[in-house]
Amino acid sequence: MSKFVSRRDFLKASAALAASLSVGIRSLSAAGATRPQKRWFKGNLHMHNQWSDGHPLPEWAVDWYKSHGYHFICPSDHNIFQSDQLRFDGFHFNNKPSDLTAFEGETSLWKVVSPKSGWSKLTQKQIDEVIEKFGSDSVRTITVDGKTYVRMKPFAELEKQFVEPGQFLMIPGYEQTGGCPNGQQVHMNFINVREVFPYITADQPKAILEQTFEKGRELYGRDYLFTANHPLWRYYDFSPNDLIALPQIRLFELNNNEIVGEYDAHPQGWTPEQFWDVVNAYRASHDQPLLLGMGSDDRHSYEKPAKAWSVVRAESLSTEALIEAILAGDFYASNGLDFEDIQFDGRTLSVKIKVQEEGKYRIEFIGTKKDYDPTSRVVEVTEGPRCPTRKIDVYSDQIGRVLETVEGTEGSYTLKRDDLYVRAKIVKVSDDLKPDWRSKPAAWSQPYRA
Ligand SMILES: [Zn+2]
Ligand SMILES: [Zn+2]
């Protein structure tokens with residue numbers, strides 16, 4: 001990483017500035033103390049298990065990430081935190097036994113085993129998977145009135161079982177799940193919180209986003225993350241105009257497991273990448289903080305490979321360091337490729353691809369010019385599967401254009417006077433490479449501006 005940095009031309013031109021950024025190279029603080037070298041940590045901050053409607057039991061899900069090279073996760077179940085409070089209800093289930101005697105002194109969530117599989121159900125298959133992996137002691141059951149209740153491990157127990165300092169970290173959180181009366185869904189993650197509040201509904205997605213964000217600020221104070229999840233599900237649940245109106249929202253999901261390949265953008269509308277550029281063209285021209293794009297897999301079923309994740313460059317594998325790095329935009333979204341390095345010195349964005357496989361690689365520098373057309377027009381969308389009738393905004397194709405393409409694994413782009421911002425997207429070139437956010441394998445840097 002440092003080898004790459006030292007080679008870059010921009011360092012010669014602005015050594016002092018680059019030294020102050022110094023990500024990836026050992027740097028000295030004003031006091032002269034050596035700060036730890038930053039490194040990349042792979043994580044996923046959006047996933048589900050049987051605490052709500054994910055298929056596996058919690059320990060099976062956490063173990064999957066730990067054993068697949070992830071450094072950090074947030075088990076973000078729908079409208080619930082994995083506390084040790086005794087309960088029998090949750091997201092679309094309620095199995096409270098008529099007699100609680102058998103549960104005296106017990107803690108946590110107990111779910112009933114269902115004879116048939118189906119959405120949000122717990123079946124014997126998931127229990128057998130855990131017994132096979134962790135032994136029969138790891139599953140506790142109580143049978144009442146012919147129903148078998150299974151205890152879900154709370155967050156604190158999962159932490160004890162899986163967390164290893166410097167190797168694997170668990171961050172508490174949940175997904176605030178609900179929507180508008182017309183069926184438009186607005187989902188948001190609160191990351192690094194342990195307390196849930198009831199879903200705030202409203203007629204318009206913008207009001208839900210705004211009020212939920214405010215409530216979070218009131219309740220949680222600082223040191224947590226708020227993410228606006230999967231805007232494209234199906235077509236458009238909230239729009240770029242909503243996030244233009246709410247510059248306090250810094251994070252959205254650029255990639256989401258449940259969307260890629262399963263839902264298409266409306267033919268006249270925008271893709272998640274265009275969504276991102278529309279918001280950032282506006283924010284950059286109004287001197288507001290840019291919107292940052294996360295990769296999340298939002299896993300429910302674990303049969304298929306994970307399709308998106310985020311890689312964060314931080315000083316250590318701690319919740320504080322990761323949150324600080326994410327809010328500073330020092331991370332990228334990926335569905336298969338990795339950046340070896342990303343540097344921005346205030347004018348020039350330089351990136352290097354970490355090559356793990358032979359092949360042709362491409363870097364696209366994408367941005368919007370200052371004289372772009374900021375107007376939008378409204379298109380009526382008729383009702384379809386998971387898509388209530390609604391109006392969507394359609395924006396100028398001057399937004400989010402490829403400013404420069406580099407065929408290769410290293411490249412840089414210097415912002416011109418008329419550029420609002422630039423971001424880098426890296427892809428492995430193949431015959432069936434799809435455009436925009438469906439490119440795979442690919443990775444996306446955050447946007448940068450002068
Ligand atoms: Zn969701
Ligand atoms: Zn989710």
# chains A, B, ... in the order shown; residues from 1 in each chain; ligands from 1
>>> closest_atom_pairs(of="chain A", to="ligand 1", cutoff="7 Å", atoms="only C-alpha atoms and all ligand atoms", output="JSON lines")
{"residue": "A:Glu175", "atom": "CA", "partner": "ligand 1", "partner_atom_place_in_ligand_line": "1 (Zn)", "distance": 6.8}
{"residue": "A:Thr177", "atom": "CA", "partner": "ligand 1", "partner_atom_place_in_ligand_line": "1 (Zn)", "distance": 6.3}
{"residue": "A:His187", "atom": "CA", "partner": "ligand 1", "partner_atom_place_in_ligand_line": "1 (Zn)", "distance": 4.9}
{"residue": "A:Asn229", "atom": "CA", "partner": "ligand 1", "partner_atom_place_in_ligand_line": "1 (Zn)", "distance": 6.2}
{"residue": "A:His230", "atom": "CA", "partner": "ligand 1", "partner_atom_place_in_ligand_line": "1 (Zn)", "distance": 6.7}
>>> residues_around(residues="stretch 157-165 of chain A", least_positions_apart="3", cutoff="8 Å", atoms="only C-alpha atoms", output="list in words")
Pro58, Glu59, Val62, Asp63, Lys66, Lys153, Pro154, Phe168, Leu169, Met170 and Leu317 of chain A
>>> residues_around(residues="A:Glu340", least_positions_apart="3", cutoff="8 Å", atoms="only C-alpha atoms", output="PyMOL selection string")
chain A and resi 1+351-354
>>> atom_distance(atom1="atom CA of A:Gln124", atom2="atom CA of A:Lys111")
11.7 Å
>>> residues_near_ligand(ligand="ligand 2", cutoff="12 Å", atoms="only C-alpha atoms and all ligand atoms", output="ChimeraX atom specification")
/A:44-49,52-54,74-80,91,173-178,185-190,227-231,233,253,256-259,296-301
>>> write_last_selection(atoms="N, CA and C atoms", output="compact mmCIF listing (two decimals), in the first residue's frame")
# COMPACT_ATOMS: atom_id res chain seq x y z
N ASN A 44 -20.21 -6.62 7.24
CA ASN A 44 -21.58 -6.53 6.75
C ASN A 44 -22.46 -6.04 7.89
N LEU A 45 -23.13 -4.92 7.65
CA LEU A 45 -23.90 -4.30 8.72
C LEU A 45 -25.40 -4.47 8.54
N HIS A 46 -25.78 -5.45 7.74
CA HIS A 46 -27.21 -5.69 7.51
C HIS A 46 -27.43 -7.17 7.22
N MET A 47 -28.03 -7.88 8.15
CA MET A 47 -28.25 -9.32 8.02
C MET A 47 -29.36 -9.75 8.96
N HIS A 48 -29.92 -10.92 8.71
CA HIS A 48 -31.04 -11.40 9.54
C HIS A 48 -30.84 -12.85 9.95
N ASN A 49 -31.45 -13.22 11.05
CA ASN A 49 -31.48 -14.61 11.47
C ASN A 49 -32.83 -14.86 12.15
N SER A 52 -35.62 -12.58 13.72
CA SER A 52 -36.79 -12.06 13.01
C SER A 52 -37.13 -13.06 11.91
N ASP A 53 -36.82 -12.75 10.65
CA ASP A 53 -37.24 -13.64 9.57
C ASP A 53 -36.09 -14.22 8.75
N GLY A 54 -34.88 -14.20 9.31
CA GLY A 54 -33.78 -14.88 8.63
C GLY A 54 -33.89 -16.38 8.86
N CYS A 74 -23.09 -6.70 11.93
CA CYS A 74 -24.16 -6.21 12.80
C CYS A 74 -25.38 -7.08 12.51
N PRO A 75 -25.77 -7.96 13.44
CA PRO A 75 -26.99 -8.75 13.23
C PRO A 75 -28.19 -7.81 13.40
N SER A 76 -28.75 -7.37 12.28
CA SER A 76 -29.74 -6.29 12.30
C SER A 76 -31.14 -6.81 12.03
N ASP A 77 -31.73 -7.46 13.02
CA ASP A 77 -33.05 -8.03 12.78
C ASP A 77 -34.15 -6.97 12.77
N HIS A 78 -35.29 -7.37 12.19
CA HIS A 78 -36.38 -6.42 11.99
C HIS A 78 -37.02 -6.02 13.31
N ASN A 79 -36.93 -4.74 13.65
CA ASN A 79 -37.66 -4.14 14.77
C ASN A 79 -37.43 -4.83 16.12
N ILE A 80 -36.26 -5.45 16.27
CA ILE A 80 -35.99 -6.15 17.54
C ILE A 80 -34.50 -6.13 17.82
N PHE A 91 -41.13 -10.23 14.78
CA PHE A 91 -41.53 -9.78 13.45
C PHE A 91 -42.45 -10.83 12.80
N GLY A 173 -27.37 -3.82 16.87
CA GLY A 173 -28.21 -2.95 16.04
C GLY A 173 -29.49 -3.64 15.61
N TYR A 174 -30.26 -2.97 14.78
CA TYR A 174 -31.50 -3.55 14.26
C TYR A 174 -31.95 -2.79 13.03
N GLU A 175 -32.91 -3.37 12.31
CA GLU A 175 -33.47 -2.71 11.14
C GLU A 175 -34.87 -2.21 11.45
N GLN A 176 -35.06 -0.92 11.35
CA GLN A 176 -36.38 -0.32 11.55
C GLN A 176 -37.18 -0.61 10.28
N THR A 177 -38.23 -1.42 10.40
CA THR A 177 -38.92 -1.94 9.22
C THR A 177 -40.40 -1.58 9.22
N GLY A 178 -40.86 -0.98 8.13
CA GLY A 178 -42.26 -0.61 7.97
C GLY A 178 -42.40 0.22 6.72
N GLN A 185 -42.21 0.85 1.13
CA GLN A 185 -41.44 0.42 2.30
C GLN A 185 -40.29 1.37 2.57
N VAL A 186 -40.10 1.73 3.82
CA VAL A 186 -38.91 2.53 4.19
C VAL A 186 -38.21 1.82 5.34
N HIS A 187 -37.04 1.27 5.04
CA HIS A 187 -36.28 0.52 6.05
C HIS A 187 -34.99 1.26 6.36
N MET A 188 -34.63 1.28 7.63
CA MET A 188 -33.43 2.00 8.06
C MET A 188 -32.72 1.19 9.14
N ASN A 189 -31.40 1.14 9.07
CA ASN A 189 -30.66 0.44 10.12
C ASN A 189 -30.12 1.43 11.16
N PHE A 190 -30.24 1.03 12.41
CA PHE A 190 -29.52 1.71 13.48
C PHE A 190 -28.41 0.76 13.92
N THR A 227 -28.55 4.18 8.53
CA THR A 227 -28.46 3.93 7.08
C THR A 227 -29.85 3.86 6.47
N ALA A 228 -30.01 4.48 5.32
CA ALA A 228 -31.26 4.38 4.54
C ALA A 228 -31.09 3.16 3.63
N ASN A 229 -31.93 2.15 3.84
CA ASN A 229 -31.70 0.85 3.20
C ASN A 229 -32.42 0.70 1.85
N HIS A 230 -31.83 -0.11 1.01
CA HIS A 230 -32.40 -0.55 -0.29
C HIS A 230 -33.49 0.36 -0.86
N PRO A 231 -33.09 1.53 -1.40
CA PRO A 231 -34.10 2.43 -1.98
C PRO A 231 -34.87 1.80 -3.14
N TRP A 233 -36.71 -1.09 -4.19
CA TRP A 233 -37.25 -2.38 -3.72
C TRP A 233 -38.76 -2.33 -3.63
N GLU A 253 -27.78 2.36 1.18
CA GLU A 253 -27.31 1.09 0.63
C GLU A 253 -27.25 1.16 -0.89
N ASN A 256 -27.54 -4.17 -2.25
CA ASN A 256 -28.29 -4.94 -1.26
C ASN A 256 -28.55 -6.31 -1.87
N ASN A 257 -28.24 -7.33 -1.11
CA ASN A 257 -28.32 -8.71 -1.58
C ASN A 257 -29.64 -9.06 -2.22
N GLU A 258 -30.71 -8.61 -1.62
CA GLU A 258 -32.04 -9.04 -2.05
C GLU A 258 -32.46 -8.34 -3.33
N ILE A 259 -31.71 -7.36 -3.76
CA ILE A 259 -32.12 -6.57 -4.92
C ILE A 259 -31.35 -6.97 -6.17
N SER A 296 -24.24 -4.10 1.42
CA SER A 296 -24.82 -4.95 2.47
C SER A 296 -25.45 -6.16 1.82
N ASP A 297 -25.45 -7.29 2.51
CA ASP A 297 -26.10 -8.42 1.84
C ASP A 297 -27.54 -8.64 2.31
N ASP A 298 -27.93 -8.05 3.44
CA ASP A 298 -29.32 -8.15 3.90
C ASP A 298 -29.78 -9.60 3.84
N ARG A 299 -28.93 -10.48 4.33
CA ARG A 299 -29.23 -11.91 4.15
C ARG A 299 -30.39 -12.39 4.99
N HIS A 300 -31.21 -13.20 4.36
CA HIS A 300 -32.26 -13.94 5.04
C HIS A 300 -31.97 -15.43 4.86
N SER A 301 -31.83 -15.81 3.60
CA SER A 301 -31.48 -17.20 3.29
C SER A 301 -29.97 -17.26 3.08
>>> select_by_dssp(residues="stretch 198-325 of chain A", states="helix (DSSP H, G or I)", output="MDAnalysis selection string")
chainID A and resid 205:220 240:245 272:285 319:325
>>> write_last_selection(atoms="N, CA and C atoms", output="compact mmCIF listing (two decimals), in the first residue's frame")
# COMPACT_ATOMS: atom_id res chain seq x y z
N PRO A 205 -42.48 8.77 2.39
CA PRO A 205 -41.20 8.23 2.86
C PRO A 205 -40.30 9.30 3.49
N LYS A 206 -40.29 10.49 2.92
CA LYS A 206 -39.41 11.53 3.46
C LYS A 206 -39.72 11.81 4.93
N ALA A 207 -41.00 11.86 5.27
CA ALA A 207 -41.38 12.13 6.66
C ALA A 207 -40.92 10.99 7.58
N ILE A 208 -41.01 9.75 7.07
CA ILE A 208 -40.56 8.61 7.89
C ILE A 208 -39.05 8.71 8.13
N LEU A 209 -38.31 8.96 7.05
CA LEU A 209 -36.85 9.07 7.17
C LEU A 209 -36.48 10.19 8.15
N GLU A 210 -37.13 11.32 7.98
CA GLU A 210 -36.79 12.49 8.79
C GLU A 210 -37.12 12.26 10.27
N GLN A 211 -38.32 11.78 10.52
CA GLN A 211 -38.75 11.61 11.92
C GLN A 211 -37.98 10.48 12.61
N THR A 212 -37.68 9.42 11.85
CA THR A 212 -36.92 8.31 12.44
C THR A 212 -35.50 8.75 12.74
N PHE A 213 -34.91 9.51 11.83
CA PHE A 213 -33.56 10.03 12.06
C PHE A 213 -33.53 10.90 13.32
N GLU A 214 -34.51 11.78 13.45
CA GLU A 214 -34.59 12.69 14.60
C GLU A 214 -34.75 11.92 15.91
N LYS A 215 -35.65 10.93 15.87
CA LYS A 215 -35.90 10.13 17.07
C LYS A 215 -34.62 9.40 17.50
N GLY A 216 -33.90 8.90 16.51
CA GLY A 216 -32.64 8.22 16.79
C GLY A 216 -31.66 9.16 17.46
N ARG A 217 -31.59 10.38 16.96
CA ARG A 217 -30.66 11.35 17.53
C ARG A 217 -31.02 11.65 18.99
N GLU A 218 -32.31 11.75 19.24
CA GLU A 218 -32.81 12.02 20.59
C GLU A 218 -32.46 10.87 21.55
N LEU A 219 -32.70 9.65 21.06
CA LEU A 219 -32.53 8.47 21.92
C LEU A 219 -31.09 8.00 22.06
N TYR A 220 -30.36 8.01 20.96
CA TYR A 220 -29.06 7.33 20.95
C TYR A 220 -27.87 8.27 21.08
N PRO A 240 -34.32 9.98 -4.65
CA PRO A 240 -33.19 10.89 -4.44
C PRO A 240 -33.66 12.22 -3.84
N ASN A 241 -34.84 12.68 -4.27
CA ASN A 241 -35.31 13.96 -3.72
C ASN A 241 -35.48 13.90 -2.20
N ASP A 242 -35.83 12.72 -1.67
CA ASP A 242 -35.97 12.58 -0.21
C ASP A 242 -34.62 12.78 0.48
N LEU A 243 -33.57 12.21 -0.11
CA LEU A 243 -32.26 12.37 0.53
C LEU A 243 -31.61 13.71 0.20
N ILE A 244 -32.07 14.35 -0.88
CA ILE A 244 -31.63 15.72 -1.15
C ILE A 244 -32.20 16.64 -0.07
N ALA A 245 -33.44 16.35 0.31
CA ALA A 245 -34.09 17.18 1.33
C ALA A 245 -33.57 16.89 2.73
N PRO A 272 -29.61 2.36 -8.55
CA PRO A 272 -28.99 2.82 -7.29
C PRO A 272 -27.76 3.69 -7.51
N GLU A 273 -26.96 3.40 -8.55
CA GLU A 273 -25.80 4.26 -8.81
C GLU A 273 -26.25 5.65 -9.23
N GLN A 274 -27.29 5.72 -10.06
CA GLN A 274 -27.79 7.04 -10.48
C GLN A 274 -28.40 7.78 -9.30
N PHE A 275 -29.12 7.03 -8.45
CA PHE A 275 -29.67 7.61 -7.22
C PHE A 275 -28.56 8.34 -6.45
N TRP A 276 -27.46 7.64 -6.30
CA TRP A 276 -26.31 8.15 -5.55
C TRP A 276 -25.80 9.44 -6.19
N ASP A 277 -25.65 9.41 -7.53
CA ASP A 277 -25.11 10.59 -8.22
C ASP A 277 -26.09 11.76 -8.20
N VAL A 278 -27.37 11.48 -8.29
CA VAL A 278 -28.35 12.58 -8.25
C VAL A 278 -28.23 13.31 -6.91
N VAL A 279 -28.20 12.54 -5.83
CA VAL A 279 -28.11 13.15 -4.50
C VAL A 279 -26.79 13.91 -4.36
N ASN A 280 -25.70 13.30 -4.83
CA ASN A 280 -24.40 13.94 -4.62
C ASN A 280 -24.15 15.12 -5.55
N ALA A 281 -24.75 15.13 -6.72
CA ALA A 281 -24.64 16.31 -7.59
C ALA A 281 -25.25 17.50 -6.85
N TYR A 282 -26.41 17.26 -6.27
CA TYR A 282 -27.07 18.34 -5.54
C TYR A 282 -26.26 18.73 -4.30
N ARG A 283 -25.88 17.72 -3.53
CA ARG A 283 -25.17 18.02 -2.26
C ARG A 283 -23.85 18.73 -2.52
N ALA A 284 -23.12 18.28 -3.55
CA ALA A 284 -21.82 18.91 -3.84
C ALA A 284 -22.02 20.36 -4.28
N SER A 285 -23.08 20.61 -5.05
CA SER A 285 -23.26 22.00 -5.50
C SER A 285 -23.87 22.88 -4.43
N THR A 319 -15.52 -0.88 17.40
CA THR A 319 -16.73 -0.21 16.92
C THR A 319 -16.46 1.28 16.71
N GLU A 320 -15.76 1.90 17.65
CA GLU A 320 -15.50 3.33 17.56
C GLU A 320 -14.67 3.64 16.30
N ALA A 321 -13.60 2.88 16.09
CA ALA A 321 -12.72 3.15 14.94
C ALA A 321 -13.46 2.92 13.63
N LEU A 322 -14.30 1.89 13.57
CA LEU A 322 -15.04 1.60 12.34
C LEU A 322 -16.06 2.70 12.05
N ILE A 323 -16.79 3.12 13.07
CA ILE A 323 -17.80 4.17 12.87
C ILE A 323 -17.12 5.46 12.42
N GLU A 324 -16.01 5.79 13.05
CA GLU A 324 -15.29 7.00 12.67
C GLU A 324 -14.84 6.93 11.20
N ALA A 325 -14.31 5.78 10.82
CA ALA A 325 -13.83 5.63 9.44
C ALA A 325 -14.99 5.67 8.44
>>> closest_residue(among="A:Asp393, A:Asp436, A:Asp89, A:Glu104", to="A:Gly269", atoms="only C-alpha atoms")
A:Asp393
>>> residues_around(residues="stretch 369-371 of chain A", least_positions_apart="5", cutoff="7 Å", atoms="only C-alpha atoms", output="list of chain:residue names")
A:Asp418, A:Asp419, A:Leu420
>>> select_by_dssp(residues="stretch 88-204 of chain A", states="strand (DSSP E or B)", output="PyMOL selection string")
chain A and resi 89-90+93-94+109-113+122+141-144+147-151+164+168-170+173-176+179+185+188-191
>>> atom_distance(atom1="atom CA of A:Thr201", atom2="atom CA of A:Arg390")
17.4 Å
>>> residues_around(residues="A:Val427", least_positions_apart="2", cutoff="7 Å", atoms="only C-alpha atoms", output="PyMOL selection string")
chain A and resi 361-363+425+429+440-443
>>> write_last_selection(atoms="C-alpha atoms", output="mmCIF file, in the first residue's frame")
data_model
loop_
_atom_site.group_PDB
_atom_site.id
_atom_site.type_symbol
_atom_site.label_atom_id
_atom_site.label_comp_id
_atom_site.auth_asym_id
_atom_site.auth_seq_id
_atom_site.Cartn_x
_atom_site.Cartn_y
_atom_site.Cartn_z
ATOM 1 C CA TYR A 361 -9.535 -4.787 -15.120
ATOM 2 C CA ARG A 362 -11.058 -1.366 -15.640
ATOM 3 C CA ILE A 363 -11.324 1.754 -13.523
ATOM 4 C CA LYS A 425 -15.647 2.185 -9.727
ATOM 5 C CA VAL A 429 -13.994 -6.965 -17.582
ATOM 6 C CA LYS A 440 -19.981 -7.899 -11.076
ATOM 7 C CA PRO A 441 -17.358 -8.366 -9.789
ATOM 8 C CA ALA A 442 -16.931 -4.711 -8.928
ATOM 9 C CA ALA A 443 -16.259 -2.288 -6.105
#
>>> atom_distance(atom1="atom CA of A:Arg87", atom2="atom CA of A:Ala156")
16.2 Å
>>> residues_around(residues="A:Gly400", least_positions_apart="6", cutoff="6 Å", atoms="only C-alpha atoms", output="list in words")
Asp277, Ile366, Gly367 and Thr368 of chain A
>>> residues_around(residues="A:Ser117", least_positions_apart="5", cutoff="12 Å", atoms="only C-alpha atoms", output="count of residues only")
7
